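With PDB, C-alpha atoms inside, this is final-v1.pdb:
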MODEL        1
ATOM      1  CA  MET V   1      81.380  95.354  65.315
ATOM      2  CA  LYS V   2      84.890  95.831  63.922
ATOM      3  CA  GLN V   3      84.255  99.582  63.755
ATOM      4  CA  LEU V   4      83.388  99.533  67.471
ATOM      5  CA  GLN V   5      86.606  97.691  68.283
ATOM      6  CA  TRP V   6      88.551 100.245  66.257
ATOM      7  CA  ALA V   7      86.902 103.154  68.072
ATOM      8  CA  LEU V   8      87.611 101.771  71.542
ATOM      9  CA  GLY V   9      91.083 100.478  70.763
ATOM     10  CA  ASP V  10      92.336  96.955  71.299
ATOM     11  CA  THR V  11      93.358  95.611  74.691
ATOM     12  CA  LEU V  12      97.077  96.208  74.145
ATOM     13  CA  GLU V  13      96.484  99.796  73.071
ATOM     14  CA  VAL V  14      94.284 100.490  76.102
ATOM     15  CA  TYR V  15      96.903  98.876  78.355
ATOM     16  CA  LYS V  16      99.752 100.946  76.902
ATOM     17  CA  ASN V  17      97.795 104.185  77.251
ATOM     18  CA  TYR V  18      96.883 103.376  80.838
ATOM     19  CA  MET V  19     100.402 102.415  81.865
ATOM     20  CA  GLU V  20     101.884 105.503  80.236
ATOM     21  CA  GLY V  21      99.308 107.659  82.001
ATOM     22  CA  GLN V  22     100.257 106.087  85.328
ATOM     23  CA  LYS V  23     103.981 106.343  84.481
ATOM     24  CA  LEU V  24     104.373 102.598  84.901
ATOM     25  CA  PRO V  25     106.598 100.356  82.760
ATOM     26  CA  LEU V  26     105.064  97.996  80.249
ATOM     27  CA  VAL V  27     105.406  94.376  81.394
ATOM     28  CA  ILE V  28     104.229  92.038  78.639
ATOM     29  CA  ASP V  29     104.550  88.277  78.255
ATOM     30  CA  GLU V  30     103.987  86.933  74.748
ATOM     31  CA  LEU V  31     101.974  83.712  74.565
ATOM     32  CA  ALA V  32     101.275  81.336  71.709
ATOM     33  CA  GLU V  33      98.019  81.610  69.731
ATOM     34  CA  ASN V  34      98.398  85.433  69.604
ATOM     35  CA  GLY V  35      97.675  85.880  73.303
ATOM     36  CA  ARG V  36      99.506  88.121  75.770
ATOM     37  CA  LEU V  37      99.697  88.596  79.498
ATOM     38  CA  LEU V  38      99.737  92.290  80.402
ATOM     39  CA  TRP V  39     101.008  92.929  83.919
ATOM     40  CA  ILE V  40      99.987  95.866  86.092
ATOM     41  CA  GLY V  41     103.209  96.520  87.956
ATOM     42  CA  GLU V  42     105.901  93.891  88.414
ATOM     43  CA  ARG V  43     105.609  90.191  87.688
ATOM     44  CA  ARG V  44     105.102  88.163  90.839
ATOM     45  CA  THR V  45     105.102  84.461  91.569
ATOM     46  CA  ASP V  46     103.864  84.438  95.176
ATOM     47  CA  ARG V  47     100.313  85.716  94.572
ATOM     48  CA  VAL V  48      98.617  86.381  91.228
ATOM     49  CA  ILE V  49      95.167  87.521  90.121
ATOM     50  CA  LEU V  50      94.559  86.552  86.482
ATOM     51  CA  TYR V  51      91.854  88.705  84.917
ATOM     52  CA  PHE V  52      89.812  87.976  81.779
ATOM     53  CA  HIS V  53      88.221  91.217  80.629
ATOM     54  CA  GLY V  54      84.626  91.466  79.525
ATOM     55  CA  THR V  55      82.729  93.915  77.353
ATOM     56  CA  GLU V  56      81.263  90.975  75.487
ATOM     57  CA  GLU V  57      84.564  89.649  74.104
ATOM     58  CA  LYS V  58      84.367  91.944  71.117
ATOM     59  CA  THR V  59      85.258  95.374  72.406
ATOM     60  CA  SER V  60      88.116  96.102  74.818
ATOM     61  CA  PRO V  61      88.348  96.968  78.515
ATOM     62  CA  VAL V  62      87.423 100.576  79.171
ATOM     63  CA  GLY V  63      90.163 100.835  81.797
ATOM     64  CA  LEU V  64      92.331  98.644  83.978
ATOM     65  CA  ARG V  65      90.109  98.997  87.004
ATOM     66  CA  PHE V  66      91.344  96.162  89.140
ATOM     67  CA  THR V  67      94.281  98.237  90.339
ATOM     68  CA  LEU V  68      91.994  98.936  93.309
ATOM     69  CA  CYS V  69      92.406  95.295  94.312
ATOM     70  CA  GLN V  70      96.180  95.568  94.235
ATOM     71  CA  SER V  71      96.207  98.667  96.425
ATOM     72  CA  GLU V  72      93.823  97.195  98.975
ATOM     73  CA  LEU V  73      95.673  93.881  99.110
ATOM     74  CA  GLU V  74      98.964  95.708  99.571
ATOM     75  CA  ALA V  75      97.427  97.608 102.496
ATOM     76  CA  LYS V  76      96.632  94.205 104.054
ATOM     77  CA  GLY V  77     100.230  93.082 103.614
ATOM     78  CA  LYS V  78      99.376  90.819 100.669
ATOM     79  CA  GLU V  79     101.193  92.291  97.686
ATOM     80  CA  THR V  80      99.750  90.679  94.580
ATOM     81  CA  GLY V  81     100.649  90.495  90.925
ATOM     82  CA  PHE V  82      97.864  91.371  88.525
ATOM     83  CA  ALA V  83      97.871  90.005  84.976
ATOM     84  CA  LEU V  84      95.342  90.797  82.271
ATOM     85  CA  LEU V  85      94.924  88.329  79.419
ATOM     86  CA  GLN V  86      94.780  89.891  75.988
ATOM     87  CA  TYR V  87      92.781  87.368  74.003
ATOM     88  CA  SER V  88      91.516  87.384  70.427
ATOM     89  CA  LEU V  89      88.172  89.018  69.841
ATOM     90  CA  VAL V  90      85.055  87.799  68.099
ATOM     91  CA  PRO V  91      84.336  87.805  65.163
ATOM     92  CA  THR V  92      88.008  87.752  64.092
ATOM     93  CA  ALA V  93      88.563  84.607  66.154
ATOM     94  CA  THR V  94      85.942  82.126  67.286
ATOM     95  CA  PHE V  95      85.631  79.323  69.850
ATOM     96  CA  PRO V  96      87.828  77.676  71.040
ATOM     97  CA  THR V  97      90.558  80.263  70.305
ATOM     98  CA  GLN V  98      89.908  82.265  73.480
ATOM     99  CA  LEU V  99      89.818  79.085  75.557
ATOM    100  CA  LYS V 100      93.208  78.023  74.170
ATOM    101  CA  GLN V 101      94.630  81.422  75.099
ATOM    102  CA  ALA V 102      93.216  81.150  78.622
ATOM    103  CA  VAL V 103      94.804  77.722  79.074
ATOM    104  CA  LEU V 104      98.141  79.020  77.803
ATOM    105  CA  ALA V 105      97.958  81.963  80.230
ATOM    106  CA  VAL V 106      97.573  79.661  83.234
ATOM    107  CA  GLN V 107     100.258  77.305  81.949
ATOM    108  CA  HIS V 108     102.598  80.282  81.547
ATOM    109  CA  LEU V 109     102.044  81.387  85.139
ATOM    110  CA  ILE V 110     102.719  77.882  86.401
ATOM    111  CA  SER V 111     105.889  77.667  84.282
ATOM    112  CA  MET V 112     107.047  80.878  85.990
ATOM    113  CA  GLY V 113     106.774  79.128  89.336
ATOM    114  CA  VAL V 114     103.339  80.319  90.434
ATOM    115  CA  LYS V 115     101.551  77.608  92.384
ATOM    116  CA  PRO V 116      97.900  77.000  91.399
ATOM    117  CA  GLN V 117      96.818  77.533  95.010
ATOM    118  CA  ASN V 118      98.268  81.062  94.757
ATOM    119  CA  ILE V 119      96.268  81.947  91.628
ATOM    120  CA  GLN V 120      92.832  83.566  91.668
ATOM    121  CA  LEU V 121      90.864  83.848  88.433
ATOM    122  CA  THR V 122      88.401  86.631  87.794
ATOM    123  CA  GLY V 123      86.341  87.883  84.894
ATOM    124  CA  ASP V 124      83.433  90.172  84.207
ATOM    125  CA  SER V 125      80.668  89.631  81.661
ATOM    126  CA  ALA V 126      82.216  87.741  78.708
ATOM    127  CA  GLY V 127      85.389  87.401  80.754
ATOM    128  CA  GLY V 128      83.335  85.561  83.353
ATOM    129  CA  ASN V 129      82.069  83.342  80.555
ATOM    130  CA  LEU V 130      85.692  82.612  79.604
ATOM    131  CA  VAL V 131      86.557  81.681  83.201
ATOM    132  CA  LEU V 132      83.649  79.216  83.187
ATOM    133  CA  GLN V 133      84.844  77.872  79.826
ATOM    134  CA  LEU V 134      88.240  77.231  81.396
ATOM    135  CA  LEU V 135      86.757  75.418  84.406
ATOM    136  CA  SER V 136      84.496  73.411  82.089
ATOM    137  CA  HIS V 137      87.488  72.441  79.942
ATOM    138  CA  MET V 138      89.378  71.238  83.021
ATOM    139  CA  LEU V 139      86.426  69.007  83.920
ATOM    140  CA  HIS V 140      85.463  68.055  80.346
ATOM    141  CA  PRO V 141      88.488  68.563  78.037
ATOM    142  CA  VAL V 142      87.767  70.029  74.599
ATOM    143  CA  PRO V 143      89.524  68.154  71.772
ATOM    144  CA  ASP V 144      92.340  70.128  70.108
ATOM    145  CA  VAL V 145      92.647  72.428  73.141
ATOM    146  CA  PRO V 146      95.678  71.854  75.393
ATOM    147  CA  ARG V 147      94.730  70.062  78.596
ATOM    148  CA  LEU V 148      95.131  72.005  81.803
ATOM    149  CA  THR V 149      96.129  69.883  84.764
ATOM    150  CA  ILE V 150      97.109  71.438  88.081
ATOM    151  CA  THR V 151      98.704  70.016  91.211
ATOM    152  CA  ALA V 152      96.230  71.774  93.522
ATOM    153  CA  PRO V 153      92.964  73.684  93.073
ATOM    154  CA  PHE V 154      93.052  77.394  92.260
ATOM    155  CA  SER V 155      92.659  79.572  95.341
ATOM    156  CA  GLY V 156      89.512  81.257  94.071
ATOM    157  CA  VAL V 157      87.279  82.360  91.219
ATOM    158  CA  TYR V 158      85.296  85.592  91.203
ATOM    159  CA  LEU V 159      82.697  86.193  88.480
ATOM    160  CA  MET V 160      81.129  89.631  88.055
ATOM    161  CA  SER V 161      77.895  89.566  86.015
ATOM    162  CA  PRO V 162      79.073  86.521  84.028
ATOM    163  CA  TRP V 163      77.553  86.158  80.567
ATOM    164  CA  VAL V 164      76.071  82.697  81.109
ATOM    165  CA  SER V 165      73.372  82.723  78.425
ATOM    166  CA  LEU V 166      73.893  84.087  74.919
ATOM    167  CA  THR V 167      70.364  83.494  73.685
ATOM    168  CA  GLY V 168      68.046  84.221  76.626
ATOM    169  CA  LYS V 169      64.936  86.209  75.745
ATOM    170  CA  THR V 170      62.635  85.760  78.735
ATOM    171  CA  GLY V 171      62.281  86.852  82.363
ATOM    172  CA  SER V 172      64.705  89.567  83.428
ATOM    173  CA  MET V 173      66.001  89.900  79.851
ATOM    174  CA  ILE V 174      62.652  91.553  79.148
ATOM    175  CA  THR V 175      61.736  93.171  82.462
ATOM    176  CA  ASN V 176      65.171  94.782  82.948
ATOM    177  CA  ASP V 177      65.734  95.824  79.344
ATOM    178  CA  ASP V 178      65.118  99.490  80.196
ATOM    179  CA  SER V 179      67.060  99.518  83.461
ATOM    180  CA  ASP V 180      70.308  97.830  82.468
ATOM    181  CA  SER V 181      73.382  99.327  80.822
ATOM    182  CA  ILE V 182      73.271  96.560  78.177
ATOM    183  CA  GLY V 183      69.877  95.674  76.731
ATOM    184  CA  ILE V 184      68.403  92.537  75.247
ATOM    185  CA  LYS V 185      69.061  93.560  71.627
ATOM    186  CA  ALA V 186      72.780  94.020  72.202
ATOM    187  CA  LEU V 187      73.127  90.840  74.267
ATOM    188  CA  THR V 188      71.324  88.607  71.784
ATOM    189  CA  TYR V 189      73.070  90.229  68.801
ATOM    190  CA  TRP V 190      76.514  89.640  70.315
ATOM    191  CA  GLY V 191      75.420  86.183  71.433
ATOM    192  CA  ARG V 192      74.567  85.175  67.870
ATOM    193  CA  ILE V 193      78.019  86.279  66.733
ATOM    194  CA  VAL V 194      79.767  84.263  69.459
ATOM    195  CA  LEU V 195      77.711  81.146  68.689
ATOM    196  CA  ASP V 196      78.069  81.467  64.922
ATOM    197  CA  GLY V 197      79.751  78.342  63.606
ATOM    198  CA  ALA V 198      80.178  76.716  67.032
ATOM    199  CA  PRO V 199      78.974  73.078  67.018
ATOM    200  CA  GLU V 200      76.006  72.329  69.260
ATOM    201  CA  LYS V 201      78.134  69.898  71.284
ATOM    202  CA  TYR V 202      80.064  72.863  72.711
ATOM    203  CA  ARG V 203      77.012  74.753  73.934
ATOM    204  CA  SER V 204      77.646  73.905  77.600
ATOM    205  CA  TYR V 205      81.042  75.628  77.384
ATOM    206  CA  LEU V 206      79.651  78.768  75.767
ATOM    207  CA  GLU V 207      76.308  78.841  77.587
ATOM    208  CA  PRO V 208      76.666  77.260  81.035
ATOM    209  CA  TYR V 209      73.031  78.131  81.666
ATOM    210  CA  TYR V 210      72.180  75.140  79.442
ATOM    211  CA  ALA V 211      74.822  72.768  80.842
ATOM    212  CA  PRO V 212      73.654  69.388  82.218
ATOM    213  CA  GLU V 213      72.896  69.262  85.929
ATOM    214  CA  ASP V 214      76.037  67.257  86.705
ATOM    215  CA  TRP V 215      78.357  69.401  84.532
ATOM    216  CA  PHE V 216      80.166  71.003  87.499
ATOM    217  CA  VAL V 217      79.969  68.017  89.863
ATOM    218  CA  ASP V 218      83.776  67.871  90.331
ATOM    219  CA  LEU V 219      84.261  71.627  90.554
ATOM    220  CA  SER V 220      85.907  71.458  93.988
ATOM    221  CA  THR V 221      88.817  69.539  92.437
ATOM    222  CA  VAL V 222      89.868  72.588  90.389
ATOM    223  CA  VAL V 223      89.000  75.587  92.610
ATOM    224  CA  ARG V 224      88.755  76.030  96.392
ATOM    225  CA  ARG V 225      86.287  78.963  96.539
ATOM    226  CA  LEU V 226      83.835  80.674  94.188
ATOM    227  CA  PHE V 227      82.081  84.018  94.347
ATOM    228  CA  VAL V 228      79.449  85.244  91.884
ATOM    229  CA  THR V 229      77.786  88.668  91.878
ATOM    230  CA  ASP V 230      74.679  89.635  89.952
ATOM    231  CA  GLY V 231      72.677  92.841  89.619
ATOM    232  CA  ASP V 232      69.002  93.022  90.508
ATOM    233  CA  ALA V 233      68.402  95.422  87.598
ATOM    234  CA  GLU V 234      70.445  93.659  84.916
ATOM    235  CA  CYS V 235      69.084  91.697  81.991
ATOM    236  CA  LEU V 236      71.128  88.606  82.821
ATOM    237  CA  ARG V 237      69.875  88.534  86.434
ATOM    238  CA  ASP V 238      67.725  85.406  86.212
ATOM    239  CA  ASP V 239      70.173  83.389  84.113
ATOM    240  CA  ILE V 240      73.116  84.229  86.382
ATOM    241  CA  ALA V 241      71.085  83.275  89.454
ATOM    242  CA  VAL V 242      70.276  79.881  87.943
ATOM    243  CA  VAL V 243      73.928  79.133  87.141
ATOM    244  CA  ALA V 244      75.016  80.371  90.581
ATOM    245  CA  ASP V 245      72.502  77.975  92.140
ATOM    246  CA  HIS V 246      73.910  75.090  90.094
ATOM    247  CA  LEU V 247      77.455  75.992  91.136
ATOM    248  CA  GLY V 248      76.401  76.220  94.768
ATOM    249  CA  LYS V 249      74.891  72.746  94.682
ATOM    250  CA  LYS V 250      78.181  71.317  93.408
ATOM    251  CA  HIS V 251      80.644  73.311  95.497
ATOM    252  CA  PRO V 252      80.515  73.767  99.303
ATOM    253  CA  ARG V 253      82.363  77.106  99.236
ATOM    254  CA  MET V 254      80.286  79.007  96.704
ATOM    255  CA  GLN V 255      79.019  82.509  97.570
ATOM    256  CA  PHE V 256      76.379  84.403  95.598
ATOM    257  CA  ILE V 257      75.257  88.006  96.064
ATOM    258  CA  LEU V 258      72.412  89.668  94.186
ATOM    259  CA  GLN V 259      73.133  93.389  94.380
ATOM    260  CA  LYS V 260      70.049  95.503  95.033
ATOM    261  CA  HIS V 261      69.444  97.902  92.115
ATOM    262  CA  GLY V 262      72.700  96.697  90.542
ATOM    263  CA  ILE V 263      73.148  96.777  86.780
ATOM    264  CA  HIS V 264      75.555  94.829  84.586
ATOM    265  CA  ASP V 265      79.120  95.023  85.978
ATOM    266  CA  ASP V 266      77.862  97.452  88.617
ATOM    267  CA  PRO V 267      80.848  97.177  91.016
ATOM    268  CA  TYR V 268      83.065  98.691  88.333
ATOM    269  CA  PHE V 269      81.533 102.086  89.012
ATOM    270  CA  ASP V 270      83.196 101.991  92.415
ATOM    271  CA  PHE V 271      86.460 100.880  90.838
ATOM    272  CA  LEU V 272      86.275 103.785  88.408
ATOM    273  CA  LEU V 273      85.602 106.310  91.200
ATOM    274  CA  TRP V 274      88.188 104.940  93.641
ATOM    275  CA  PRO V 275      89.874 106.370  95.682
ATOM    276  CA  GLN V 276      87.627 109.438  95.678
ATOM    277  CA  LYS V 277      84.425 107.659  96.621
ATOM    278  CA  VAL V 278      83.240 104.077  97.092
ATOM    279  CA  GLN V 279      79.457 103.900  97.161
ATOM    280  CA  SER V 280      78.596 100.201  97.088
ATOM    281  CA  ASP V 281      78.552  97.791 100.023
ATOM    282  CA  LEU V 282      79.514  95.049  97.569
ATOM    283  CA  THR V 283      82.976  96.330  96.650
ATOM    284  CA  PRO V 284      84.530  95.701 100.102
ATOM    285  CA  VAL V 285      83.132  92.149  99.988
ATOM    286  CA  ILE V 286      84.825  91.545  96.639
ATOM    287  CA  LEU V 287      88.119  92.872  97.954
ATOM    288  CA  GLU V 288      87.860  90.715 101.066
ATOM    289  CA  PHE V 289      87.216  87.643  98.906
ATOM    290  CA  PHE V 290      90.536  88.189  97.137
ATOM    291  CA  ALA V 291      92.378  88.979 100.380
ATOM    292  CA  SER V 292      91.096  85.860 102.152
ATOM    293  CA  GLY V 293      92.309  83.703  99.274
ATOM    294  CA  PHE V 294      95.955  84.563  99.793
ATOM    295  CA  GLU V 295      98.194  83.623 102.689
TER     296      GLU V 295
ENDMDL
END

Show this structure as structure tokens.
Amino acid sequence: MKQLQWALGDTLEVYKNYMEGQKLPLVIDELAENGRLLWIGERRTDRVILYFHGTEEKTSPVGLRFTLCQSELEAKGKETGFALLQYSLVPTATFPTQLKQAVLAVQHLISMGVKPQNIQLTGDSAGGNLVLQLLSHMLHPVPDVPRLTITAPFSGVYLMSPWVSLTGKTGSMITNDDSDSIGIKALTYWGRIVLDGAPEKYRSYLEPYYAPEDWFVDLSTVVRRLFVTDGDAECLRDDIAVVADHLGKKHPRMQFILQKHGIHDDPYFDFLLWPQKVQSDLTPVILEFFASGFE
């Protein structure tokens, strides 16, 4: 695992290489607990998308692909700051380290003058898991993790192929093992590493698939809108659909889309190809979700 992290480079290294390639200045905010906010472009306080990267919390983002969102929002007259959280990776750091760093990232934005109603949270795969950890912590505070209280709900949360079950071995985990970009062996292997040493009482934070039915009952008090996307051909399909259903029953403004033939993190292929070619009907929906969340 550590060899894989070394080969791909850590988040800061990937960020620096990307920004240098785009001839953009580095804009970095140091946080406590060894976290950092890495800005794409200038810092802003009027509108901010805070992104938790995925790739199973142990490797690093392949590229900073959400620049597409910034460009499209700018075209709609809604210039937006985009901040990527660099958080500690498993197995070097374990739960609740990443949750602490996520809390500190939001607190930092608020201390800058960003209003919660002008913040949208997003994450893919393990980053989506971290977003759900953060929402869970706001509803059910974890001891020894700073509390996160906000004066108004976040504008929105978008989860792309969130990693909601670390131990699933049935249903689509089996039937889609040959069609997905990440198979059952990798998912369960990484899941065991994430869960290693975590007390059972924290399972609902790490695996929202197993959370009690009333876990997200007060979700509307912390976020105004939610959007979850899932791929029909991905291993996590069934587990994501179950969690999305639970979220929808607790929040009146929850949208769920199951992408036909989609694999894990499928919309990123459009983000990687942009602006040359956008192939998916889902990508414009994602962009519109962000745009509609900002005044």

Write out as a tab-separated table the residues of region 119-162 of chain V that have any atom within 12 Å of an atom of region 183-191 of chain V, one row each with the nearest atom pair and its distance in Å to one decimal, counting only C-alpha atoms, sorted by chain and then rising number.
residue	atom	partner	partner_atom	distance
V:Ser125	CA	V:Leu187	CA	10.6
V:Ala126	CA	V:Gly191	CA	10.1
V:Asn129	CA	V:Gly191	CA	11.6

With C-alpha atoms kept, could you save the residues just selected as a PDB file, in the frame of the given file?
ATOM      1  CA  SER V 125      80.668  89.631  81.661  1.00  0.00           C
ATOM      2  CA  ALA V 126      82.216  87.741  78.708  1.00  0.00           C
ATOM      3  CA  ASN V 129      82.069  83.342  80.555  1.00  0.00           C
TER       4      ASN V 129
END

- [ ] Determine, counting only C-alpha atoms, which protein, DNA and RNA residues have an atom within 8 Å of an atom of region 239-247 of chain V; residues of the same chain fewer than 3 positions away are not included. Present the result as a PyMOL selection string.
- [x] chain V and resi 161-165+168+208-209+213+216+228+230+236+250-251+254+256

TODO: Find the residues near Gly35 (chain V): any atom within 9 Å, counting all atoms listed in the file, skip ones fewer than 2 places away on the same chain, and give them as number ranges by chain.
DONE: V: 29-33, 37, 85-88, 98, 101-102, 104-105

- [ ] Could you tell me how far CA of Ile193 (chain V) lies from CA of Leu206 (chain V), in Å and to one decimal?
- [x]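 Taking CA of Ile193 (chain V) and CA of Leu206 (chain V), their separation equals 11.9 Å.
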
Open item on the list: Taking 5 positions as the minimum chain separation for residues in the same chain, which residues sit within 12 Å of Asp281 (chain V) when counting all atoms listed in the file? Answer as a list in words.
Closed with: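 Once the nearby chain positions are removed, what remains is Ile257, Leu258, Gln259, Lys260, Gly262, Asp266, Pro267, Asp270, Ile286, Leu287 and Glu288 of chain V.
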
Write the residues you've just listed into a file as an mmCIF file, in the coordinates of the input, and include C-alpha atoms for each of them.
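Done, and the output landed in part_32.cif:
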data_model
loop_
_atom_site.group_PDB
_atom_site.id
_atom_site.type_symbol
_atom_site.label_atom_id
_atom_site.label_comp_id
_atom_site.auth_asym_id
_atom_site.auth_seq_id
_atom_site.Cartn_x
_atom_site.Cartn_y
_atom_site.Cartn_z
ATOM 1 C CA ILE V 257 75.257 88.006 96.064
ATOM 2 C CA LEU V 258 72.412 89.668 94.186
ATOM 3 C CA GLN V 259 73.133 93.389 94.380
ATOM 4 C CA LYS V 260 70.049 95.503 95.033
ATOM 5 C CA GLY V 262 72.700 96.697 90.542
ATOM 6 C CA ASP V 266 77.862 97.452 88.617
ATOM 7 C CA PRO V 267 80.848 97.177 91.016
ATOM 8 C CA ASP V 270 83.196 101.991 92.415
ATOM 9 C CA ILE V 286 84.825 91.545 96.639
ATOM 10 C CA LEU V 287 88.119 92.872 97.954
ATOM 11 C CA GLU V 288 87.860 90.715 101.066
#

Open item on the list: With distances taken over only C-alpha atoms, which residue among V:Thr283, V:Ser204, V:Thr97, V:Asn17 lies nearest Asp144 (chain V)?
Closed with: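 So, comparing all the options, the nearest one is V:Thr97.
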
Task: Nearest to Ala211 (chain V) by atom-to-atom distance, counting all atoms listed in the file, from V:Phe269, V:Gly231, V:Gln133, V:Pro252 - done: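 For Ala211 (chain V), the nearest of the candidates is V:Gln133.
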
Open item on the list: Just to confirm, what's the straight-line distance from CA of Gly171 (chain V) to CA of Thr229 (chain V) in Å (one decimal)?
Closed with: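 Calculated distance between CA of Gly171 (chain V) and CA of Thr229 (chain V) is 18.3 Å.
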
TODO: Using the chain letters and numbering of this document, enumerate as an NGL selection string the residues selected by the PyMOL selection byres ((chain V and resi 90) around 8).
DONE: :V and (57-58 or 88-89 or 91-94 or 193-194)

Do you know which residues lie at most 7 Å from (69.9, 93.3, 80.8), with coordinates as in the file and all atoms listed in the file counted, and could you write them as a PDB file with C-alpha atoms, in the coordinates of the input?
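Output file selection13.pdb is given in full below:
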ATOM      1  CA  SER V 172      64.705  89.567  83.428  1.00  0.00           C
ATOM      2  CA  MET V 173      66.001  89.900  79.851  1.00  0.00           C
ATOM      3  CA  ASN V 176      65.171  94.782  82.948  1.00  0.00           C
ATOM      4  CA  ASP V 177      65.734  95.824  79.344  1.00  0.00           C
ATOM      5  CA  ASP V 180      70.308  97.830  82.468  1.00  0.00           C
ATOM      6  CA  SER V 181      73.382  99.327  80.822  1.00  0.00           C
ATOM      7  CA  ILE V 182      73.271  96.560  78.177  1.00  0.00           C
ATOM      8  CA  GLY V 183      69.877  95.674  76.731  1.00  0.00           C
ATOM      9  CA  ILE V 184      68.403  92.537  75.247  1.00  0.00           C
ATOM     10  CA  GLU V 234      70.445  93.659  84.916  1.00  0.00           C
ATOM     11  CA  CYS V 235      69.084  91.697  81.991  1.00  0.00           C
ATOM     12  CA  LEU V 236      71.128  88.606  82.821  1.00  0.00           C
ATOM     13  CA  HIS V 264      75.555  94.829  84.586  1.00  0.00           C
TER      14      HIS V 264
END

TODO: Find the distance between CA of Thr170 (chain V) and CA of Asp238 (chain V) and write it in Å to one decimal.
DONE: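 Between CA of Thr170 (chain V) and CA of Asp238 (chain V) the gap is 9.1 Å.
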
- [ ] Rank nothing, just name the residue among V:Leu219, V:Met138, V:Ile40, V:Val157 nearest to Glu20 (chain V), using only C-alpha atoms.
- [x]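 Ranking V:Leu219, V:Met138, V:Ile40, V:Val157 by distance to Glu20 (chain V), first place goes to V:Ile40.
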
TODO: Step by step, work through what the PyMOL selection byres ((chain V and resi 70) around 8) selects in the shown file, and finish by giving those residues as a PyMOL selection string.
DONE: chain V and resi 66-69+71-74+79-82

Open item on the list: Running the PyMOL selection byres ((chain V and resi 122) around 6) on this model by hand, what would come out? Give it as a PyMOL selection string.
Closed with: chain V and resi 51+121+123+157-159
